[in-house]
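Below is one structure, written out as structure tokens; the observations come after it.
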Amino acid sequence: MLDNYSKSKIVLITGASGVIGNSIVNLLSEDNNLKLLITGQNEVKLKYLKSELNNVLAYLAGDLIDYKFREKLISSFSEEFGGLDILINNAGIYTWSSIDNLQAEQIDKTLDLNLKAPIHLCHLISQGLKKKKWGRIINIGSISGSVGEANASLYSASKAGLIGLTKSLALELAEYGITINSISPGWVKSPLSESVFGDENNPLNEKDEIDCVPQKRWIEPSEIAHLVKFLISEPACGLTGQVINLCAGLSLG
Ligand SMILES: NC(=O)c1ccc[n+]([C@@H]2O[C@H](COP(=O)([O-])OP(=O)(O)OC[C@H]3O[C@@H](n4cnc5c(N)ncnc54)[C@H](OP(=O)(O)O)[C@@H]3O)[C@@H](O)[C@H]2O)c1
């Protein structure tokens, strides 16, 4: 299988069954030099993407909180397709809660998915990328990781952790031609953001939140996808360790 794709780049996208992941998969699938491997929990959605889109080679559904699934994901894809070139760490959950009401299991789940899974996936692919002397890693963070968000301290901490990962790994892997960057979106309409506004303890509704955004609008998933596409491209080879706030001005204060 490797010979067929040796000139192409193999891309793994997590959270492909979600709104932002779906948009990234759709855009990248238009490029015949990219061969996509996708994961998420919803097998039906993943299967549909593979059947509908060019260049989606395979999918594997599972729970990224489980470190054994992460190992299986990387080992099975590496065996079949000869190792990854590009990793898009996009899967994530939002936890809206005051610090008083946080449950211990929410802390574990949020940190496991939003932070530990990306760190572990980077670990699992780093040697392969170093051998190729080329690689791209994109972390989908959140502006909550840069500016803080009341009642989202856990989520914010998980996304702030991604910034540390991005900057430190960028230093460590720079000499191998590997770049790692983070995109920190503002509000995007998705089940994740809808869960915040649907919470009975949250007095803010969608309109209140969007009124706080300088451009008074949601970020479109395709805006994130286009930035991913640029960051994995050859012209972006000098961009590494950067955290880009794609937030319609929300991070400006
Ligand atoms: N929406 C926003 O306003 C916003 C703002 C800033 C940053 N972000 C970030 O953008 C990323 C994507 O969010 P989204 O808005 O596209 O949300 P979404 O539509 O809810 O998608 C979340 C994705 O994560 C996957 N996922 C959730 N739990 C998982 C688990 N335990 N194991 C494996 N995969 C799991 C979901 O898979 P299944 O659906 O198959 O379970 C889905 O593919 C997240 O990292 C989020 O923090 C979102």
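Residues are named by chain letter and number: chains run A, B, ... in the order of the structure tokens, numbers start at 1 in each chain, and ligands are numbered from 1 in the order shown.
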Using only C-alpha atoms, which residues sit within 7 Å of Ala170 (chain A) once same-chain residues fewer than 4 positions away are excluded, as an mmCIF file with N, CA and C atoms, in the first residue's frame?
data_model
loop_
_atom_site.group_PDB
_atom_site.id
_atom_site.type_symbol
_atom_site.label_atom_id
_atom_site.label_comp_id
_atom_site.auth_asym_id
_atom_site.auth_seq_id
_atom_site.Cartn_x
_atom_site.Cartn_y
_atom_site.Cartn_z
ATOM 1 N N THR A 166 2.227 22.726 21.896
ATOM 2 C CA THR A 166 2.565 23.267 20.573
ATOM 3 C C THR A 166 3.937 23.941 20.581
ATOM 4 N N ALA A 174 11.843 20.976 15.459
ATOM 5 C CA ALA A 174 12.151 21.913 14.361
ATOM 6 C C ALA A 174 13.244 21.381 13.444
ATOM 7 N N THR A 179 6.649 20.768 11.623
ATOM 8 C CA THR A 179 6.073 21.963 12.248
ATOM 9 C C THR A 179 4.838 21.570 13.056
ATOM 10 N N ILE A 180 4.589 22.345 14.099
ATOM 11 C CA ILE A 180 3.396 22.107 14.931
ATOM 12 C C ILE A 180 2.815 23.462 15.303
ATOM 13 N N THR A 240 5.983 27.742 12.784
ATOM 14 C CA THR A 240 5.907 26.656 13.755
ATOM 15 C C THR A 240 5.831 27.211 15.180
ATOM 16 N N GLY A 241 5.180 26.480 16.033
ATOM 17 C CA GLY A 241 5.028 26.894 17.438
ATOM 18 C C GLY A 241 4.057 28.045 17.621
#
Counting only C-alpha atoms, which residues in region 111-185 of chain A sit no more than 9 Å from region 242-250 of chain A? For each one, give the nearest pair of atoms and the distance in Å, sorted by chain then residue number, as JSON lines.
{"residue": "A:Gly141", "atom": "CA", "partner": "A:Val243", "partner_atom": "CA", "distance": 8.6}
{"residue": "A:Ser142", "atom": "CA", "partner": "A:Asn245", "partner_atom": "CA", "distance": 7.8}
{"residue": "A:Ile143", "atom": "CA", "partner": "A:Asn245", "partner_atom": "CA", "distance": 6.3}
{"residue": "A:Ser146", "atom": "CA", "partner": "A:Asn245", "partner_atom": "CA", "distance": 8.5}
{"residue": "A:Ile163", "atom": "CA", "partner": "A:Val243", "partner_atom": "CA", "distance": 6.9}
{"residue": "A:Thr166", "atom": "CA", "partner": "A:Gln242", "partner_atom": "CA", "distance": 7.3}
{"residue": "A:Lys167", "atom": "CA", "partner": "A:Gln242", "partner_atom": "CA", "distance": 7.0}
{"residue": "A:Ala170", "atom": "CA", "partner": "A:Gln242", "partner_atom": "CA", "distance": 8.6}
{"residue": "A:Ile180", "atom": "CA", "partner": "A:Gln242", "partner_atom": "CA", "distance": 7.6}
{"residue": "A:Asn181", "atom": "CA", "partner": "A:Gln242", "partner_atom": "CA", "distance": 5.0}
{"residue": "A:Ser182", "atom": "CA", "partner": "A:Val243", "partner_atom": "CA", "distance": 4.6}
{"residue": "A:Ile183", "atom": "CA", "partner": "A:Ile244", "partner_atom": "CA", "distance": 4.9}
{"residue": "A:Ser184", "atom": "CA", "partner": "A:Asn245", "partner_atom": "CA", "distance": 4.6}
{"residue": "A:Pro185", "atom": "CA", "partner": "A:Leu246", "partner_atom": "CA", "distance": 4.6}
>> Using only C-alpha atoms and all ligand atoms, which residues have at least one atom no more than 6 Å from ligand 1? Output them as a PyMOL selection string.
In response: chain A and resi 15-21+40-42+62-65+90-93+140-142+185-193
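CA of Leu162 (chain A) is found 18.8 Å from CA of Ala150 (chain A).
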> What does the distance from CA of Asn139 (chain A) to CA of Lys229 (chain A) come to in Å, to one decimal?
Replying inline: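 So the answer is 12.9 Å.
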> Which polymer residues have any atom within 8 Å of an atom of region 98-102 of chain A, counting only C-alpha atoms, with same-chain residues fewer than 3 positions away left out, as a ChimeraX atom specification?
Replying inline: /A:106-107,150-153
Generate the output file for the selected residues, N, CA and C atoms, as a tab-separated table (two decimals), in the first residue's frame.
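Result saved to result39.tsv:
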chain	number	residue	atom	x	y	z
A	106	GLN	N	-15.55	14.44	35.29
A	106	GLN	CA	-15.49	15.42	34.20
A	106	GLN	C	-14.05	15.90	33.99
A	107	ILE	N	-13.35	16.06	35.12
A	107	ILE	CA	-11.96	16.53	35.04
A	107	ILE	C	-11.13	15.52	34.25
A	150	ALA	N	-14.84	32.27	32.23
A	150	ALA	CA	-15.51	31.93	33.50
A	150	ALA	C	-16.41	30.72	33.30
A	151	ASN	N	-16.46	29.85	34.27
A	151	ASN	CA	-17.26	28.62	34.24
A	151	ASN	C	-16.81	27.62	33.17
A	152	ALA	N	-15.61	27.84	32.68
A	152	ALA	CA	-15.05	26.86	31.74
A	152	ALA	C	-13.57	26.66	32.07
A	153	SER	N	-13.25	26.71	33.36
A	153	SER	CA	-11.83	26.66	33.75
A	153	SER	C	-11.19	25.33	33.35
> When DSSP works through the backbone of this structure, what residues of region 108-236 of chain A end up as alpha helix (DSSP H), shown as a ChimeraX atom specification?
Replying inline: /A:108-111,117-132,144-147,153-173,191-197,206-211,221-231
>> List as a VMD selection string the protein and nucleic acid residues near Thr39 (chain A), meaning an atom at most 12 Å away when only C-alpha atoms are counted, but skip any in the same chain fewer than 6 places from it.
In response: chain A and resid 11 to 18 21 to 22 25 45 to 47 49 to 50 56 to 64 69 to 70 72 to 74 77 87 to 91
>> Need to verify the contact set: Ser233 (chain A), 12 Å, only C-alpha atoms, exclusion of same-chain residues closer than 6 positions in sequence. Can you return it as a list in words?
In response: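 The residues satisfying every condition are Lys9, Leu28, Asp31, Asn33, Leu34, Asp85, Ile86, Trp134, Gly135, Arg136, Ile137, Ile138, Ile178, Thr179, His226, Leu227 and Leu239 of chain A.
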> From the list A:Leu53, A:Ile224, A:Ile125, A:Leu204, which residue is nearest Lys35 (chain A) when using only C-alpha atoms?
Replying inline: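 So, comparing all the options, the nearest one is A:Leu53.
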> For the atom pair CA of Phe81 (chain A) and CA of Leu36 (chain A), what is the interatomic distance in Å to one decimal place?
Replying inline: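 Spanning CA of Phe81 (chain A) to CA of Leu36 (chain A) is a straight-line distance of 10.4 Å.
With only C-alpha atoms as the basis for measurement, A:Leu27 is the residue among A:Leu27, A:Leu129, A:Ile10, A:Leu252 that approaches Val228 (chain A) most closely.
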>> DSSP on the backbone: which residues in region 5-212 of chain A end up as strand (DSSP E or B)? Give the answer as JSON, numbers by chain.
In response: {"A": [9, 10, 11, 12, 13, 34, 35, 36, 37, 38, 39, 40, 56, 57, 58, 59, 60, 61, 86, 87, 88, 89, 135, 136, 137, 138, 139, 140, 178, 179, 180, 181, 182, 183, 184, 185]}
May I have the residues within 10 Å of Asn201 (chain A) as a PDB file with N, CA and C atoms, in the first residue's frame, using only C-alpha atoms and disregarding those fewer than 2 positions away in the same chain?
ATOM      1  N   TRP A  96     -18.944  22.911  30.647  1.00  0.00           N
ATOM      2  CA  TRP A  96     -19.361  24.187  31.232  1.00  0.00           C
ATOM      3  C   TRP A  96     -19.762  23.922  32.669  1.00  0.00           C
ATOM      4  N   SER A  97     -18.986  24.453  33.610  1.00  0.00           N
ATOM      5  CA  SER A  97     -19.299  24.226  35.025  1.00  0.00           C
ATOM      6  C   SER A  97     -18.521  25.211  35.880  1.00  0.00           C
ATOM      7  N   SER A  98     -19.149  25.665  36.928  1.00  0.00           N
ATOM      8  CA  SER A  98     -18.391  26.433  37.929  1.00  0.00           C
ATOM      9  C   SER A  98     -17.385  25.492  38.578  1.00  0.00           C
ATOM     10  N   VAL A 196     -23.365  24.331  25.503  1.00  0.00           N
ATOM     11  CA  VAL A 196     -23.159  25.418  26.466  1.00  0.00           C
ATOM     12  C   VAL A 196     -24.451  26.208  26.640  1.00  0.00           C
ATOM     13  N   PHE A 197     -25.049  26.538  25.478  1.00  0.00           N
ATOM     14  CA  PHE A 197     -26.233  27.396  25.550  1.00  0.00           C
ATOM     15  C   PHE A 197     -27.463  26.622  26.038  1.00  0.00           C
ATOM     16  N   GLY A 198     -27.395  25.301  25.917  1.00  0.00           N
ATOM     17  CA  GLY A 198     -28.523  24.496  26.382  1.00  0.00           C
ATOM     18  C   GLY A 198     -28.465  24.221  27.881  1.00  0.00           C
ATOM     19  N   ASP A 199     -27.384  24.627  28.540  1.00  0.00           N
ATOM     20  CA  ASP A 199     -27.236  24.301  29.962  1.00  0.00           C
ATOM     21  C   ASP A 199     -28.152  25.193  30.799  1.00  0.00           C
ATOM     22  N   PRO A 203     -26.902  31.459  32.181  1.00  0.00           N
ATOM     23  CA  PRO A 203     -27.888  32.502  31.907  1.00  0.00           C
ATOM     24  C   PRO A 203     -27.744  33.106  30.509  1.00  0.00           C
ATOM     25  N   LEU A 204     -26.607  32.848  29.838  1.00  0.00           N
ATOM     26  CA  LEU A 204     -26.386  33.465  28.531  1.00  0.00           C
ATOM     27  C   LEU A 204     -26.967  32.606  27.415  1.00  0.00           C
TER      28      LEU A 204
END
